[in-house]
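A.B. asks: Take a look at query-v1.txt, compact mmCIF, C-alpha atoms:
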# COMPACT_ATOMS: atom_id res chain seq x y z
CA MET K 90 -122.15 60.64 122.20
CA PHE K 91 -119.15 62.49 120.77
CA ARG K 92 -117.35 62.46 124.11
CA ASN K 93 -117.95 58.71 124.29
CA VAL K 94 -116.25 58.19 120.91
CA LEU K 95 -113.40 60.51 121.87
CA GLY K 96 -112.90 58.65 125.14
CA LYS K 97 -112.83 55.31 123.35
CA THR K 98 -110.35 56.63 120.78
CA PHE K 99 -107.98 57.89 123.44
CA ARG K 100 -108.24 54.64 125.35
CA PHE K 101 -107.47 52.71 122.14
CA LEU K 102 -104.47 54.94 121.45
CA GLY K 103 -103.32 54.44 125.01
CA TYR K 104 -103.42 50.66 124.67
CA THR K 105 -101.63 50.83 121.32
CA VAL K 106 -98.81 52.97 122.70
CA GLN K 107 -98.53 50.78 125.79
CA TYR K 108 -98.32 47.50 123.91
CA GLY K 109 -96.08 49.07 121.28
CA CYS K 110 -93.59 49.95 124.02
CA ILE K 111 -93.76 46.46 125.49
CA ALA K 112 -93.31 44.85 122.07
CA HIS K 113 -90.38 47.13 121.23
CA CYS K 114 -88.62 46.39 124.53
CA ALA K 115 -89.26 42.66 124.14
CA PHE K 116 -87.86 42.52 120.60
CA GLU K 117 -84.91 44.72 121.48
CA TYR K 118 -83.84 43.18 124.79
CA LEU K 119 -85.37 39.71 125.03
CA GLY K 120 -85.75 38.08 121.65
CA GLY K 121 -88.11 37.24 118.88
CA ILE K 122 -89.08 34.90 116.11
CA VAL K 123 -87.04 35.01 112.92
CA VAL K 124 -87.68 33.55 109.48
CA CYS K 125 -84.43 32.49 107.84
CA SER K 126 -83.88 32.40 104.12
CA GLY K 127 -80.98 31.24 102.02
CA PRO K 128 -78.85 28.12 101.70
CA SER K 129 -75.77 29.25 103.59
CA MET K 130 -76.58 27.46 106.88
CA GLU K 131 -77.65 24.08 105.49
CA PRO K 132 -78.10 21.42 106.83
CA THR K 133 -78.57 23.07 110.24
CA ILE K 134 -81.06 25.71 109.04
CA GLN K 135 -82.88 25.27 105.73
CA ASN K 136 -84.54 27.93 103.63
CA SER K 137 -87.80 29.30 105.19
CA ASP K 138 -87.15 27.79 108.61
CA ILE K 139 -88.59 29.65 111.59
CA VAL K 140 -86.31 29.99 114.60
CA PHE K 141 -86.36 31.74 117.95
CA SER K 142 -83.56 34.16 118.74
CA GLU K 143 -82.64 35.71 122.07
CA ASN K 144 -80.87 39.04 122.53
CA LEU K 145 -79.72 38.69 126.13
CA SER K 146 -76.42 37.01 125.24
CA ARG K 147 -75.17 39.93 123.23
CA HIS K 148 -76.00 42.47 125.95
CA PHE K 149 -74.14 40.42 128.55
CA TYR K 150 -71.31 39.53 126.15
CA CYS K 151 -71.92 35.77 126.45
CA ILE K 152 -71.63 34.86 122.77
CA ARG K 153 -69.50 31.69 122.57
CA LYS K 154 -67.62 29.89 119.81
CA GLY K 155 -70.05 27.68 117.90
CA ASP K 156 -73.15 29.85 118.50
CA ILE K 157 -75.38 30.69 115.58
CA VAL K 158 -75.94 34.44 115.59
CA ILE K 159 -77.99 37.00 113.70
CA VAL K 160 -75.78 39.87 112.58
CA LYS K 161 -76.45 43.13 110.76
CA SER K 162 -74.80 42.78 107.39
CA PRO K 163 -71.50 44.73 107.31
CA ASN K 164 -72.12 45.87 103.76
CA ASP K 165 -75.84 46.57 103.97
CA PRO K 166 -77.13 47.88 107.32
CA LYS K 167 -80.76 47.23 106.41
CA SER K 168 -80.41 43.44 106.09
CA ASN K 169 -79.54 40.73 108.59
CA ILE K 170 -77.42 37.65 108.06
CA CYS K 171 -77.37 34.40 110.01
CA LYS K 172 -74.03 32.64 110.52
CA ARG K 173 -72.09 30.56 113.03
CA VAL K 174 -69.33 32.05 115.18
CA ILE K 175 -66.11 30.23 114.36
CA GLY K 176 -63.68 32.45 116.28
CA LEU K 177 -63.83 35.17 118.93
CA GLU K 178 -61.30 37.97 119.37
CA GLY K 179 -57.77 36.66 119.68
CA ASP K 180 -58.58 33.23 118.19
CA LYS K 181 -56.65 31.78 115.29
CA VAL K 182 -58.86 31.13 112.25
CA CYS K 183 -58.31 29.58 108.86
CA THR K 184 -59.02 32.27 106.27
CA SER K 185 -58.69 30.06 103.21
CA ASN K 186 -61.42 27.90 101.66
CA PRO K 187 -61.39 24.13 102.26
CA SER K 188 -60.72 23.62 98.54
CA ASP K 189 -57.57 25.79 98.55
CA PHE K 190 -54.28 23.98 98.41
CA LEU K 191 -52.34 26.45 100.55
CA LYS K 192 -53.92 27.17 103.91
CA SER K 193 -53.62 30.66 105.39
CA HIS K 194 -54.34 31.61 108.98
CA SER K 195 -54.83 34.83 110.87
CA TYR K 196 -55.92 36.05 114.28
CA VAL K 197 -59.30 37.66 114.89
CA PRO K 198 -58.73 41.32 115.89
CA LYS K 199 -59.98 42.79 119.18
CA GLY K 200 -63.70 43.52 119.28
CA HIS K 201 -64.47 41.32 116.24
CA VAL K 202 -65.78 37.81 115.52
CA TRP K 203 -65.20 35.42 112.63
CA LEU K 204 -68.41 34.09 111.06
CA GLU K 205 -68.92 31.18 108.68
CA GLY K 206 -72.01 29.51 107.31
CA ASP K 207 -72.42 25.76 107.80
CA ASN K 208 -72.74 25.27 104.04
CA LEU K 209 -69.13 26.22 103.32
CA ARG K 210 -69.42 25.83 99.56
CA ASN K 211 -72.39 28.20 99.24
CA SER K 212 -71.91 30.91 101.85
CA THR K 213 -70.57 34.46 101.74
CA ASP K 214 -69.17 35.01 105.20
CA SER K 215 -66.01 36.24 106.92
CA ARG K 216 -63.90 34.44 104.33
CA CYS K 217 -65.34 37.05 101.94
CA TYR K 218 -65.71 40.29 103.96
CA GLY K 219 -63.34 39.69 106.85
CA PRO K 220 -63.94 39.70 110.61
CA VAL K 221 -67.17 41.35 111.73
CA PRO K 222 -67.33 43.86 114.65
CA TYR K 223 -69.02 42.44 117.75
CA GLY K 224 -71.32 45.48 117.89
CA LEU K 225 -73.14 44.28 114.76
CA ILE K 226 -74.41 41.10 116.46
CA ARG K 227 -78.16 41.36 117.00
CA GLY K 228 -79.02 38.08 118.70
CA ARG K 229 -78.28 34.42 119.16
CA ILE K 230 -80.44 31.69 117.66
CA CYS K 231 -81.24 29.08 120.26
CA PHE K 232 -84.28 27.14 119.13
CA LYS K 233 -85.87 25.99 115.89
CA ILE K 234 -89.67 26.20 115.76
CA TRP K 235 -90.55 25.22 112.17
CA PRO K 236 -90.56 22.71 110.48
CA LEU K 237 -92.00 20.58 113.25
CA ASN K 238 -90.03 17.47 112.34
CA ASP K 239 -86.87 19.43 113.14
CA PHE K 240 -88.22 21.13 116.26
CA GLY K 241 -85.71 21.65 119.06
CA PHE K 242 -82.26 22.94 119.83
CA LEU K 243 -79.89 23.45 116.94
CA ARG K 244 -77.24 20.92 116.08
CA ALA K 245 -73.54 21.45 116.50
CA SER K 246 -71.48 22.55 113.54
CA PRO K 247 -70.91 19.92 110.85
CA ASN K 248 -67.56 21.60 110.16
CA GLY K 249 -65.74 20.83 113.40
CA HIS K 250 -62.39 21.06 111.61
CA ARG K 251 -62.90 24.83 111.13
CA PHE K 252 -62.62 25.41 114.89
CA LEU K 253 -58.90 25.71 115.54
CA ASP K 254 -57.84 25.20 119.15
CA ASP K 255 -54.94 27.29 120.42
CA MET J 7 -107.47 52.07 133.04
CA ASN J 8 -105.07 53.42 135.66
CA ASN J 9 -103.20 50.15 135.55
CA CYS J 10 -102.46 50.35 131.83
CA TRP J 11 -101.15 53.93 132.07
CA LEU J 12 -98.93 52.89 134.97
CA GLN J 13 -97.48 50.10 132.87
CA CYS J 14 -97.00 52.54 130.00
CA PHE J 15 -95.03 54.95 132.17
CA PHE J 16 -92.95 52.05 133.40
CA PHE J 17 -91.81 51.11 129.93
CA PHE J 18 -91.26 54.59 128.55
CA PRO J 19 -88.40 55.25 131.01
CA LEU J 20 -86.97 51.90 129.94
CA LEU J 21 -86.76 53.24 126.39
CA PHE J 22 -85.50 56.64 127.47
CA ASN J 23 -83.06 55.03 129.87
CA GLU J 24 -81.36 53.28 127.00
CA ILE J 25 -80.54 56.63 125.47
CA TYR J 26 -79.65 58.08 128.86
CA SER J 27 -77.26 55.39 130.04
CA GLN J 28 -75.52 54.97 126.75
CA SER J 29 -75.11 58.64 125.96
CA TRP J 30 -74.55 60.07 129.38
CA ALA J 31 -71.51 57.87 129.52
CA LYS J 32 -68.42 59.98 129.49
CA ILE J 33 -67.77 61.01 125.95
CA PHE J 34 -64.36 62.39 125.36
CA HIS J 35 -64.51 65.27 122.98
CA ASN J 36 -61.36 65.31 120.97
CA ASP J 37 -61.39 69.04 120.52
CA ALA J 38 -58.87 71.73 121.25
CA GLU J 39 -60.01 72.19 124.85
CA LYS J 40 -59.62 68.46 125.57
CA PHE J 41 -61.93 68.12 128.55
CA GLN J 42 -64.82 65.77 129.15
CA SER J 43 -68.31 66.88 128.23
CA TRP J 44 -71.65 65.18 128.60
CA ALA J 45 -73.66 65.07 125.39
CA LEU J 46 -77.26 63.97 125.08
CA PRO J 47 -78.55 63.23 121.61
CA ILE J 48 -82.03 64.77 121.69
CA SER J 49 -83.29 64.63 118.12
CA SER J 50 -81.71 61.23 117.79
CA CYS J 51 -84.35 59.90 120.17
CA THR J 52 -86.41 59.55 117.02
CA ASN J 53 -83.52 57.76 115.39
CA VAL J 54 -83.48 55.12 118.10
CA LEU J 55 -87.27 54.67 118.25
CA SER J 56 -87.87 54.45 114.52
CA GLY J 57 -85.19 51.85 114.03
CA SER J 58 -82.39 54.12 112.88
CA HIS J 59 -83.16 53.78 109.21
CA GLN J 60 -82.26 57.38 108.47
CA TYR J 61 -79.21 57.61 106.29
CA PRO J 62 -76.44 59.49 108.10
CA SER J 63 -75.56 62.81 106.56
CA LEU J 64 -72.10 64.17 106.21
CA GLN J 65 -70.56 66.44 108.81
CA LYS J 66 -72.83 65.36 111.68
CA GLN J 67 -71.37 63.99 114.89
CA SER J 68 -72.35 60.36 115.38
CA VAL J 69 -72.34 58.13 118.43
CA LEU J 70 -71.31 54.56 117.74
CA PRO J 71 -69.94 51.53 119.62
CA SER J 72 -66.20 51.35 119.20
CA PRO J 73 -65.15 48.69 116.66
CA ARG J 74 -62.32 47.66 118.99
CA ASN J 75 -64.28 47.57 122.23
CA PRO J 76 -68.04 46.92 121.86
CA GLU J 77 -68.75 47.97 125.45
CA GLN J 78 -67.60 51.52 124.83
CA LYS J 79 -69.34 54.16 122.75
CA ILE J 80 -67.35 56.73 120.81
CA ILE J 81 -68.46 60.00 119.29
CA LYS J 82 -66.91 61.18 116.05
CA ARG J 83 -67.68 63.31 113.03
CA VAL J 84 -68.78 61.72 109.74
CA ILE J 85 -66.21 62.75 107.12
CA ALA J 86 -67.04 60.56 104.14
CA LEU J 87 -69.87 58.28 103.02
CA GLU J 88 -69.75 55.13 100.92
CA GLY J 89 -68.12 55.56 97.53
CA ASP J 90 -66.11 58.67 98.46
CA ILE J 91 -62.35 58.69 98.07
CA ILE J 92 -60.48 60.49 100.84
CA LYS J 93 -56.92 61.18 101.89
CA THR J 94 -56.13 59.65 105.27
CA ILE J 95 -53.98 60.87 108.16
CA GLY J 96 -51.78 58.10 109.52
CA TYR J 97 -53.75 55.17 108.14
CA LYS J 98 -52.02 52.19 106.55
CA LYS J 99 -53.25 53.27 103.10
CA LYS J 100 -52.81 56.88 101.93
CA TYR J 101 -55.99 57.03 99.86
CA VAL J 102 -59.10 55.06 100.76
CA LYS J 103 -62.32 54.51 98.85
CA VAL J 104 -65.01 54.01 101.48
CA PRO J 105 -66.64 50.62 100.76
CA HIS J 106 -70.37 50.10 100.31
CA GLY J 107 -72.33 50.22 103.57
CA HIS J 108 -69.47 51.94 105.48
CA ILE J 109 -68.58 55.46 106.61
CA TRP J 110 -65.36 57.23 107.53
CA VAL J 111 -65.37 58.96 110.91
CA GLU J 112 -62.78 61.27 112.44
CA GLY J 113 -62.41 63.18 115.66
CA ASP J 114 -62.03 66.95 115.40
CA HIS J 115 -58.62 66.85 117.09
CA HIS J 116 -56.46 65.13 114.48
CA GLY J 117 -53.54 63.14 115.77
CA HIS J 118 -55.09 62.66 119.22
CA SER J 119 -58.17 60.85 118.08
CA PHE J 120 -58.93 57.13 117.99
CA ASP J 121 -60.96 57.13 114.79
CA SER J 122 -61.09 55.68 111.28
CA ASN J 123 -57.45 56.61 110.79
CA ALA J 124 -56.75 53.87 113.36
CA PHE J 125 -59.40 51.22 112.69
CA GLY J 126 -60.50 51.96 109.12
CA PRO J 127 -63.99 52.50 107.69
CA VAL J 128 -66.88 51.73 110.03
CA SER J 129 -69.92 49.66 109.06
CA LEU J 130 -73.17 51.66 109.00
CA GLY J 131 -74.86 49.05 111.20
CA LEU J 132 -72.70 50.16 114.13
CA LEU J 133 -74.11 53.69 114.04
CA HIS J 134 -76.15 54.23 117.18
CA ALA J 135 -77.27 57.87 117.31
CA ARG J 136 -76.52 61.42 116.22
CA ALA J 137 -75.30 63.97 118.73
CA THR J 138 -77.12 67.27 118.40
CA HIS J 139 -76.49 69.29 121.58
CA ILE J 140 -74.10 69.58 124.51
CA LEU J 141 -76.08 69.89 127.74
CA TRP J 142 -73.44 69.76 130.47
CA PRO J 143 -71.45 71.61 131.76
CA PRO J 144 -73.72 74.67 131.43
CA GLN J 145 -70.93 76.91 130.19
CA ARG J 146 -70.66 74.57 127.17
CA TRP J 147 -74.34 74.66 126.19
CA GLN J 148 -74.39 74.66 122.40
CA LYS J 149 -75.89 73.09 119.35
CA LEU J 150 -73.33 70.89 117.62
CA GLN J 151 -72.93 72.36 114.16
CA PRO J 152 -72.60 70.03 111.20
CA MET J 153 -69.36 71.29 109.75
CA LEU J 154 -66.81 69.65 107.50
CA PRO J 155 -63.27 71.06 107.86
CA PRO J 156 -62.29 72.22 104.32
CA GLU J 157 -59.01 70.31 104.42
CA ARG J 158 -60.89 67.06 105.11
CA LYS J 159 -63.24 67.25 102.12
CA PRO J 160 -63.38 64.00 100.09
CA LEU J 161 -61.30 64.01 96.92
CA GLN J 162 -64.11 62.48 94.94
CA ARG J 163 -67.75 62.22 95.84
CA GLU J 164 -69.73 59.36 94.27
CA GLN J 165 -72.42 60.69 91.93
CA GLU J 166 -75.94 59.34 92.56
Please express what this file holds, its structure, as structure tokens.

C.D. replies:
Amino acid sequence: MFRNVLGKTFRFLGYTVQYGCIAHCAFEYLGGIVVCSGPSMEPTIQNSDIVFSENLSRHFYCIRKGDIVIVKSPNDPKSNICKRVIGLEGDKVCTSNPSDFLKSHSYVPKGHVWLEGDNLRNSTDSRCYGPVPYGLIRGRICFKIWPLNDFGFLRASPNGHRFLDD
Amino acid sequence: MNNCWLQCFFFFPLLFNEIYSQSWAKIFHNDAEKFQSWALPISSCTNVLSGSHQYPSLQKQSVLPSPRNPEQKIIKRVIALEGDIIKTIGYKKKYVKVPHGHIWVEGDHHGHSFDSNAFGPVSLGLLHARATHILWPPQRWQKLQPMLPPERKPLQREQE
């Protein structure tokens, strides 16, 4: 009787460890479901939207200009932020706000990206804390799952004028 | 039953391999001897598995992806934590207050080290692991001691 219980416990532990490993590898290397909060990516992503993010792009260095990425916050390593990539390393970006009279530009340093939220008026992004190291990128958002009336691939940036071509 | 244990053993090496391939990469120790050593972070296995939420402590050697080149990992010593004010060597500003959520790292061989004196304070999110021992070559077997050179002490430590 006791050996039966012990056997069942070990088997249960075995399954837990096994599926824990699979889940960890999947979340780390493949992707997962993310709940977004905050107004900084409106109208593309609203508060409490559920999206699917994939992590393969960052491991293969395929993040492109215009992608929406999940990034570890540069000032708080325990929280994640969700922004759009406006410039990759070497690109020229506009560092001033749209409301500023005098526009200032700079080049994104090597190994960094320039992030901006779609809701330019209500977003703390690279215009605030500067270019973000590429190593902080956690994944790329590719698909919106909830709400169902907005199900599908994410729209292009509503701020096309922020992408400066060389 | 056998099948599930086989799958388990398949995925464990996948986890361990991450630590292996990223840390058995050549790590250049910027020390006085100036030759390449292979370092394997052993106790930092727990760091990687538990999600690296442990706050880094001063003086320990940390492995992190280079802020300039994300494909490369660098290994440096943590000199100052957020809020500390330190005197820099060859940085664009002479005195730096380490911003919130960042750390200041330096190689042990000053002047020949690509560290915070070149690229500034490093965000904590970039920290990957903590180096605890040198395994190879065998004549360099040692435990890496957490040690802060007295001349590199912060000028002002932030009070909790």

A.B. asks: For CA of Glu77 (chain J) and CA of Pro222 (chain K), quote the distance in Å rounded to one decimal.

C.D. replies: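 A separation of 11.6 Å between them.
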
A.B. asks: Calculated over only C-alpha atoms, which of the candidates K:His148, K:Lys172, K:Arg92, K:Arg216 has the smallest distance to chain J?

C.D. replies: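 Using only C-alpha atoms, the shortest distance to chain J belongs to K:His148.
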
A.B. asks: I'd like a table as CSV: residues in chain J with an atom no more than 7 Å from chain K, each row giving the shortest atom pair and its distance in Å to one decimal, all atoms listed in the file counted, sorted by chain and rising residue number.

C.D. replies:
residue,atom,partner,partner_atom,distance
J:Cys14,CA,K:Gln107,CA,4.8
J:Phe17,CA,K:Cys110,CA,6.3
J:Phe18,CA,K:Cys110,CA,6.9
J:Pro71,CA,K:Gly224,CA,6.4
J:Pro73,CA,K:Pro222,CA,5.7
J:Arg74,CA,K:Gly200,CA,4.4
J:Asn75,CA,K:Gly200,CA,5.0
J:Pro76,CA,K:Gly224,CA,5.3
J:His106,CA,K:Asn164,CA,5.7
J:Gly107,CA,K:Asn164,CA,4.4
J:His108,CA,K:Asn164,CA,6.8
J:Ser129,CA,K:Pro163,CA,5.5
J:Leu130,CA,K:Pro166,CA,5.7
J:Gly131,CA,K:Pro166,CA,4.6
J:Leu132,CA,K:Leu225,CA,5.9

A.B. asks: Counting only C-alpha atoms, find the residues whose atoms lie at most 8 Å from (-58.7, 29.8, 112.9) (file coordinates) and write them out as a list in words.

C.D. replies: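 Residues with an atom at most 8 Å from (-58.7, 29.8, 112.9): Ile175, Gly176, Asp180, Lys181, Val182, Cys183, Thr184, His194, Ser195, Tyr196, Arg251, Phe252, Leu253 and Asp254 of chain K.
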
A.B. asks: Rounded to one decimal in Å, what is the spacing between CA of Lys99 (chain J) and CA of Val128 (chain J)?

C.D. replies: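 Distance between the two atoms: 15.4 Å.
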